[in-house]
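Each remark here refers to the structure printed beneath this line.
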Amino acid sequence: MAEPSTLALVGGDSLLGREIRDIAAGAGLPLRLIAEEEEEMGRLTRVGDEPAIVGGLRAESLAGARAILLAGSPESSRRVLEMAKEESAIPIVDLTYAAEDLPGARLRAPMIEPEDAEPGADAVIHVIAHPAAIALALFLRRVHRNDPIRRAVVQIFAPASERGAPGLEELQQQTIALLSFKGLPQKVFDTQLSFNLLARYGAEAPVPLEESEQRIERHLATLLALDGDGEGVPMPSLRLIQAPVFHGYSISAWVEFENEPDLEALESGLATEPIEVRGGEFEPPTNVGHAGQGGIAVGAIAPDRNAPDACWFWLVADNVRLPAENAVMVAKELL
(Lines give C-alpha, C1' and ligand atoms only; values in the text may rest on other atoms or scores of the structure.)
Protein backbone atom coordinates (compact mmCIF):
# COMPACT_ATOMS: atom_id res chain seq x y z
CA MET A 1 0.00 0.00 0.00
CA ALA A 2 1.30 3.46 -0.94
CA GLU A 3 2.31 5.78 1.85
CA PRO A 4 -0.14 8.68 2.28
CA SER A 5 2.51 11.23 1.28
CA THR A 6 3.37 9.57 -2.02
CA LEU A 7 2.35 10.09 -5.61
CA ALA A 8 1.47 6.85 -7.41
CA LEU A 9 2.98 6.86 -10.92
CA VAL A 10 1.48 4.34 -13.35
CA GLY A 11 3.72 3.70 -16.35
CA GLY A 12 7.01 4.85 -14.88
CA ASP A 13 8.99 3.16 -17.68
CA SER A 14 7.22 4.98 -20.51
CA LEU A 15 8.85 8.03 -22.10
CA LEU A 16 6.56 10.31 -20.08
CA GLY A 17 7.01 8.23 -16.94
CA ARG A 18 10.79 8.44 -17.06
CA GLU A 19 10.63 12.20 -17.53
CA ILE A 20 8.26 12.55 -14.57
CA ARG A 21 10.60 10.42 -12.45
CA ASP A 22 13.54 12.71 -13.24
CA ILE A 23 11.63 15.94 -12.56
CA ALA A 24 10.00 14.58 -9.40
CA ALA A 25 13.32 13.32 -8.06
CA GLY A 26 14.87 16.75 -8.62
CA ALA A 27 11.95 18.38 -6.81
CA GLY A 28 12.08 15.93 -3.92
CA LEU A 29 8.59 14.56 -4.59
CA PRO A 30 8.01 11.00 -3.31
CA LEU A 31 6.92 8.55 -6.02
CA ARG A 32 5.39 5.10 -5.80
CA LEU A 33 5.95 3.24 -9.10
CA ILE A 34 3.09 1.11 -10.40
CA ALA A 35 3.60 -1.36 -13.26
CA GLU A 36 1.40 -1.37 -16.36
CA GLU A 37 1.68 -5.15 -16.68
CA GLU A 38 1.75 -7.84 -13.99
CA GLU A 39 5.10 -9.24 -15.20
CA GLU A 40 6.76 -5.93 -14.34
CA MET A 41 5.67 -6.14 -10.71
CA GLY A 42 8.45 -6.51 -8.15
CA ARG A 43 11.19 -5.24 -10.43
CA LEU A 44 13.92 -3.15 -8.77
CA THR A 45 14.60 0.25 -10.33
CA ARG A 46 15.55 3.77 -9.24
CA VAL A 47 13.87 7.13 -8.75
CA GLY A 48 16.68 9.66 -8.84
CA ASP A 49 19.40 8.19 -6.64
CA GLU A 50 17.02 6.13 -4.54
CA PRO A 51 16.15 2.45 -5.17
CA ALA A 52 12.48 1.66 -5.80
CA ILE A 53 10.42 -1.48 -6.32
CA VAL A 54 7.70 -1.47 -8.96
CA GLY A 55 4.30 -2.38 -7.50
CA GLY A 56 1.47 -4.19 -9.23
CA LEU A 57 -1.44 -2.49 -10.94
CA ARG A 58 -3.92 -3.28 -8.19
CA ALA A 59 -6.36 -1.28 -6.11
CA GLU A 60 -4.37 -1.84 -2.92
CA SER A 61 -1.29 -0.31 -4.59
CA LEU A 62 -3.23 2.90 -5.24
CA ALA A 63 -5.04 3.17 -1.92
CA GLY A 64 -3.82 5.98 0.32
CA ALA A 65 -1.80 7.82 -2.32
CA ARG A 66 -2.13 11.61 -2.38
CA ALA A 67 -2.53 11.54 -6.18
CA ILE A 68 -2.25 9.12 -9.10
CA LEU A 69 -0.28 10.10 -12.22
CA LEU A 70 -1.19 8.23 -15.42
CA ALA A 71 1.76 8.10 -17.83
CA GLY A 72 1.45 4.62 -19.33
CA SER A 73 -0.77 3.24 -22.06
CA PRO A 74 -4.41 4.32 -22.46
CA GLU A 75 -5.36 0.76 -21.56
CA SER A 76 -3.56 0.88 -18.20
CA SER A 77 -5.06 4.32 -17.55
CA ARG A 78 -8.57 2.99 -18.12
CA ARG A 79 -7.88 0.16 -15.69
CA VAL A 80 -6.75 2.66 -13.06
CA LEU A 81 -9.81 4.84 -13.64
CA GLU A 82 -12.03 1.83 -13.07
CA MET A 83 -10.16 0.92 -9.86
CA ALA A 84 -10.17 4.51 -8.64
CA LYS A 85 -13.97 4.62 -8.53
CA GLU A 86 -13.70 3.05 -5.09
CA GLU A 87 -11.16 5.68 -4.04
CA SER A 88 -12.95 8.69 -5.51
CA ALA A 89 -11.18 11.13 -3.21
CA ILE A 90 -7.76 10.43 -4.78
CA PRO A 91 -7.02 13.04 -7.47
CA ILE A 92 -5.83 11.74 -10.85
CA VAL A 93 -3.35 13.51 -13.14
CA ASP A 94 -3.82 12.07 -16.64
CA LEU A 95 -1.15 12.47 -19.34
CA THR A 96 -2.69 9.80 -21.60
CA TYR A 97 -6.02 11.53 -22.39
CA ALA A 98 -7.93 8.43 -21.29
CA ALA A 99 -10.00 10.53 -18.87
CA GLU A 100 -10.51 13.72 -20.86
CA ASP A 101 -14.15 12.94 -21.73
CA LEU A 102 -15.16 11.93 -18.21
CA PRO A 103 -17.52 14.17 -16.20
CA GLY A 104 -15.61 16.47 -13.89
CA ALA A 105 -12.29 16.23 -15.77
CA ARG A 106 -10.41 19.53 -16.04
CA LEU A 107 -7.85 20.42 -18.69
CA ARG A 108 -4.69 21.62 -16.97
CA ALA A 109 -1.55 23.49 -18.04
CA PRO A 110 -0.18 25.42 -15.04
CA MET A 111 2.37 27.17 -17.28
CA ILE A 112 -0.57 28.92 -18.97
CA GLU A 113 -2.95 29.40 -16.07
CA PRO A 114 -3.04 32.75 -14.24
CA GLU A 115 -1.11 32.67 -10.98
CA ASP A 116 -4.16 33.55 -8.87
CA ALA A 117 -6.45 31.04 -10.59
CA GLU A 118 -7.52 27.74 -9.08
CA PRO A 119 -8.90 25.86 -12.13
CA GLY A 120 -8.39 22.48 -10.52
CA ALA A 121 -9.46 23.27 -6.98
CA ASP A 122 -12.68 21.25 -7.24
CA ALA A 123 -11.43 18.68 -9.77
CA VAL A 124 -10.67 15.04 -9.10
CA ILE A 125 -9.36 14.38 -12.62
CA HIS A 126 -6.69 16.70 -14.03
CA VAL A 127 -5.97 16.08 -17.74
CA ILE A 128 -2.67 17.58 -18.87
CA ALA A 129 -3.07 19.48 -22.14
CA HIS A 130 -1.38 18.28 -25.33
CA PRO A 131 2.24 19.53 -25.51
CA ALA A 132 1.73 21.22 -28.88
CA ALA A 133 -1.30 23.07 -27.47
CA ILE A 134 0.73 24.16 -24.44
CA ALA A 135 3.58 25.39 -26.66
CA LEU A 136 1.26 27.34 -28.95
CA ALA A 137 -0.73 28.83 -26.08
CA LEU A 138 2.47 30.00 -24.38
CA PHE A 139 3.59 31.64 -27.61
CA LEU A 140 0.32 33.15 -28.88
CA ARG A 141 -0.85 34.52 -25.54
CA ARG A 142 2.51 36.18 -24.91
CA VAL A 143 2.68 37.71 -28.40
CA HIS A 144 -0.94 38.90 -28.28
CA ARG A 145 -0.37 40.62 -24.94
CA ASN A 146 1.99 43.16 -26.54
CA ASP A 147 0.97 43.09 -30.22
CA PRO A 148 -2.68 42.18 -30.85
CA ILE A 149 -3.02 39.33 -33.36
CA ARG A 150 -5.49 39.49 -36.23
CA ARG A 151 -5.01 35.90 -37.42
CA ALA A 152 -2.43 33.12 -37.50
CA VAL A 153 -1.62 29.99 -39.49
CA VAL A 154 0.39 27.21 -37.86
CA GLN A 155 2.07 24.06 -39.15
CA ILE A 156 3.07 21.56 -36.47
CA PHE A 157 5.68 18.89 -37.18
CA ALA A 158 5.20 15.96 -34.82
CA PRO A 159 7.96 13.51 -33.78
CA ALA A 160 7.70 9.72 -33.73
CA SER A 161 7.95 9.74 -29.92
CA GLU A 162 4.40 11.13 -29.80
CA ARG A 163 3.45 7.50 -30.33
CA GLY A 164 5.64 6.44 -27.41
CA ALA A 165 8.37 3.82 -27.55
CA PRO A 166 6.57 1.86 -30.33
CA GLY A 167 6.70 4.93 -32.59
CA LEU A 168 10.41 5.43 -31.93
CA GLU A 169 11.16 1.78 -32.59
CA GLU A 170 9.17 1.71 -35.83
CA LEU A 171 10.95 4.79 -37.23
CA GLN A 172 14.31 3.26 -36.31
CA GLN A 173 13.41 -0.12 -37.82
CA GLN A 174 12.04 1.48 -40.99
CA THR A 175 15.25 3.47 -41.48
CA ILE A 176 17.41 0.34 -41.04
CA ALA A 177 15.12 -1.68 -43.33
CA LEU A 178 15.22 0.93 -46.10
CA LEU A 179 19.01 1.08 -46.02
CA SER A 180 19.10 -2.74 -46.06
CA PHE A 181 16.47 -3.07 -48.83
CA LYS A 182 14.11 -5.00 -46.57
CA GLY A 183 10.37 -4.76 -45.89
CA LEU A 184 9.11 -1.97 -43.62
CA PRO A 185 7.37 -2.54 -40.28
CA GLN A 186 4.15 -0.50 -40.27
CA LYS A 187 2.25 -1.36 -37.07
CA VAL A 188 2.17 2.23 -35.75
CA PHE A 189 2.02 4.45 -38.85
CA ASP A 190 0.79 1.92 -41.46
CA THR A 191 2.97 3.60 -44.06
CA GLN A 192 6.56 4.72 -44.62
CA LEU A 193 7.59 7.47 -42.22
CA SER A 194 11.37 7.15 -42.56
CA PHE A 195 12.75 9.81 -44.98
CA ASN A 196 9.17 10.98 -45.44
CA LEU A 197 6.58 13.55 -44.30
CA LEU A 198 3.01 12.45 -43.67
CA ALA A 199 -0.21 14.45 -43.87
CA ARG A 200 -2.03 11.35 -42.61
CA TYR A 201 -1.24 7.79 -41.56
CA GLY A 202 -2.21 4.63 -43.41
CA ALA A 203 -5.80 3.44 -43.14
CA GLU A 204 -4.90 0.65 -40.70
CA ALA A 205 -2.95 2.83 -38.24
CA PRO A 206 -4.31 2.25 -34.71
CA VAL A 207 -4.44 6.00 -33.95
CA PRO A 208 -5.16 8.37 -36.89
CA LEU A 209 -3.07 11.53 -37.18
CA GLU A 210 -6.32 13.50 -37.45
CA GLU A 211 -7.21 12.45 -33.90
CA SER A 212 -4.12 14.21 -32.55
CA GLU A 213 -4.77 17.27 -34.71
CA GLN A 214 -8.31 17.60 -33.38
CA ARG A 215 -7.11 17.13 -29.77
CA ILE A 216 -4.56 19.92 -30.24
CA GLU A 217 -7.30 22.21 -31.56
CA ARG A 218 -9.63 21.45 -28.66
CA HIS A 219 -6.96 21.89 -26.01
CA LEU A 220 -5.56 25.05 -27.60
CA ALA A 221 -9.02 26.63 -27.81
CA THR A 222 -9.48 25.99 -24.07
CA LEU A 223 -6.06 27.38 -23.14
CA LEU A 224 -6.50 30.50 -25.27
CA ALA A 225 -9.84 31.18 -23.56
CA LEU A 226 -8.27 31.37 -20.09
CA ASP A 227 -8.27 34.73 -18.34
CA GLY A 228 -5.03 36.64 -17.92
CA ASP A 229 -2.23 37.68 -20.28
CA GLY A 230 -3.16 37.31 -23.93
CA GLU A 231 -6.90 37.05 -23.26
CA GLY A 232 -8.84 37.27 -26.52
CA VAL A 233 -6.20 35.86 -28.86
CA PRO A 234 -7.90 34.46 -31.99
CA MET A 235 -7.79 30.73 -32.65
CA PRO A 236 -5.21 29.97 -35.38
CA SER A 237 -5.70 27.73 -38.38
CA LEU A 238 -3.43 24.72 -37.84
CA ARG A 239 -2.21 21.61 -39.63
CA LEU A 240 -0.42 18.66 -38.05
CA ILE A 241 2.32 16.94 -40.08
CA GLN A 242 4.09 13.74 -39.02
CA ALA A 243 7.84 14.29 -39.44
CA PRO A 244 10.54 11.59 -39.66
CA VAL A 245 12.25 12.77 -36.47
CA PHE A 246 12.56 10.91 -33.19
CA HIS A 247 11.93 13.64 -30.66
CA GLY A 248 10.68 17.20 -30.19
CA TYR A 249 8.02 19.38 -31.80
CA SER A 250 8.91 21.94 -34.48
CA ILE A 251 6.30 24.56 -35.31
CA SER A 252 6.19 27.11 -38.13
CA ALA A 253 3.83 30.00 -37.32
CA TRP A 254 2.67 32.83 -39.56
CA VAL A 255 1.12 35.64 -37.52
CA GLU A 256 -0.67 38.70 -38.87
CA PHE A 257 -0.99 41.61 -36.44
CA GLU A 258 -3.47 44.45 -36.16
CA ASN A 259 -0.60 46.87 -36.87
CA GLU A 260 2.85 46.56 -38.43
CA PRO A 261 5.07 45.09 -35.70
CA ASP A 262 8.54 46.09 -34.58
CA LEU A 263 10.85 43.04 -34.60
CA GLU A 264 12.96 44.18 -31.66
CA ALA A 265 9.86 44.86 -29.60
CA LEU A 266 8.46 41.45 -30.59
CA GLU A 267 11.60 39.68 -29.40
CA SER A 268 11.83 41.55 -26.10
CA GLY A 269 8.11 41.15 -25.43
CA LEU A 270 8.24 37.39 -26.05
CA ALA A 271 11.05 36.66 -23.61
CA THR A 272 9.78 35.28 -20.32
CA GLU A 273 10.64 32.42 -17.97
CA PRO A 274 9.17 29.55 -20.03
CA ILE A 275 10.05 31.13 -23.42
CA GLU A 276 13.61 31.36 -24.71
CA VAL A 277 13.97 33.83 -27.58
CA ARG A 278 16.77 33.47 -30.13
CA GLY A 279 17.39 36.82 -31.80
CA GLY A 280 18.60 37.27 -35.35
CA GLU A 281 22.25 37.13 -34.25
CA PHE A 282 21.80 33.54 -33.01
CA GLU A 283 21.11 30.26 -34.77
CA PRO A 284 17.40 29.35 -34.74
CA PRO A 285 16.41 26.73 -32.16
CA THR A 286 16.09 23.08 -33.20
CA ASN A 287 14.11 20.18 -31.83
CA VAL A 288 17.36 18.26 -31.23
CA GLY A 289 19.05 21.16 -29.46
CA HIS A 290 16.03 21.70 -27.21
CA ALA A 291 15.74 18.06 -26.11
CA GLY A 292 15.57 17.73 -22.35
CA GLN A 293 14.85 21.43 -21.83
CA GLY A 294 11.70 22.93 -20.39
CA GLY A 295 9.39 25.53 -21.87
CA ILE A 296 9.71 26.49 -25.52
CA ALA A 297 12.27 28.24 -27.72
CA VAL A 298 11.40 30.75 -30.44
CA GLY A 299 13.65 32.02 -33.23
CA ALA A 300 13.99 32.78 -36.94
CA ILE A 301 11.61 35.71 -36.45
CA ALA A 302 11.27 37.43 -39.82
CA PRO A 303 8.81 39.82 -41.49
CA ASP A 304 6.65 38.48 -44.29
CA ARG A 305 7.94 40.21 -47.42
CA ASN A 306 4.47 40.11 -48.97
CA ALA A 307 2.47 41.21 -45.92
CA PRO A 308 3.92 44.10 -43.89
CA ASP A 309 1.67 43.39 -40.88
CA ALA A 310 2.78 39.74 -40.61
CA CYS A 311 5.80 37.83 -39.32
CA TRP A 312 7.13 34.27 -39.41
CA PHE A 313 8.19 32.44 -36.25
CA TRP A 314 9.91 29.11 -35.60
CA LEU A 315 9.12 27.32 -32.33
CA VAL A 316 10.50 24.13 -30.80
CA ALA A 317 9.47 22.20 -27.68
CA ASP A 318 10.35 18.89 -26.05
CA ASN A 319 7.13 16.91 -26.48
CA VAL A 320 7.88 14.75 -23.42
CA ARG A 321 9.41 17.29 -21.05
CA LEU A 322 6.68 19.91 -21.51
CA PRO A 323 3.69 17.81 -20.38
CA ALA A 324 5.79 16.16 -17.65
CA GLU A 325 6.68 19.60 -16.25
CA ASN A 326 3.03 20.60 -16.15
CA ALA A 327 2.01 17.29 -14.57
CA VAL A 328 4.56 17.73 -11.77
CA MET A 329 3.32 21.29 -11.23
CA VAL A 330 -0.20 19.93 -10.76
CA ALA A 331 1.13 17.23 -8.42
CA LYS A 332 2.82 19.89 -6.29
CA GLU A 333 -0.52 21.69 -5.97
CA LEU A 334 -2.18 18.46 -4.83
CA LEU A 335 0.50 17.84 -2.20
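Following the order of the C-alpha coordinates, first chain is A, next is B, and so on, with residues numbered from 1 inside each chain and ligands from 1 in the order they appear.
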
All helix (DSSP H, G or I) residues (DSSP, backbone) inside stretch 36-269 of chain A, as a ChimeraX atom specification: /A:38-40,59-62,74-87,131-146,160-179,209-224,263-269

Which residue of A:Val245, A:Leu33, A:Leu16, A:Val288 approaches A:Ala71 most closely, using only C-alpha atoms: A:Leu16

Go through stretch 89-194 of chain A and flag each residue having an atom no more than 9 Å from stretch 292-300 of chain A; for those, report the closest pair of atoms plus their distance in Å to one decimal, using only C-alpha atoms, ordered by chain and rising number, as CSV.
residue,atom,partner,partner_atom,distance
A:Met111,CA,A:Gly295,CA,8.5
A:Ala135,CA,A:Ile296,CA,6.3
A:Leu138,CA,A:Ile296,CA,8.1
A:Phe139,CA,A:Ile296,CA,8.3

For the residues in that selection, give me N, CA and C atoms as a PDB file, in the first residue's frame.
ATOM      1  N   MET A 111       1.522  26.152 -16.643  1.00  0.00           N
ATOM      2  CA  MET A 111       2.370  27.166 -17.279  1.00  0.00           C
ATOM      3  C   MET A 111       1.552  28.280 -17.917  1.00  0.00           C
ATOM      4  N   ALA A 135       2.550  24.570 -26.002  1.00  0.00           N
ATOM      5  CA  ALA A 135       3.578  25.387 -26.658  1.00  0.00           C
ATOM      6  C   ALA A 135       2.950  26.550 -27.408  1.00  0.00           C
ATOM      7  N   LEU A 138       1.414  29.170 -24.958  1.00  0.00           N
ATOM      8  CA  LEU A 138       2.474  29.996 -24.385  1.00  0.00           C
ATOM      9  C   LEU A 138       2.878  31.101 -25.352  1.00  0.00           C
ATOM     10  N   PHE A 139       3.110  30.711 -26.592  1.00  0.00           N
ATOM     11  CA  PHE A 139       3.590  31.642 -27.612  1.00  0.00           C
ATOM     12  C   PHE A 139       2.531  32.681 -27.985  1.00  0.00           C
TER      13      PHE A 139
END

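Of the listed residues (A:Ala317, A:Leu178, A:Ala307, A:Val143), A:Val143 comes nearest to A:Ala271; the distances count only C-alpha atoms.
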
Among the residues A:Tyr201, A:Phe246, A:Phe282, A:Trp254, the one that comes closest to A:Leu140 [using only C-alpha atoms]: A:Trp254

Among listed residues A:Ile216, A:Ala253, A:Leu315, A:Ala243, nearest A:Leu171 (using only C-alpha atoms): A:Ala243
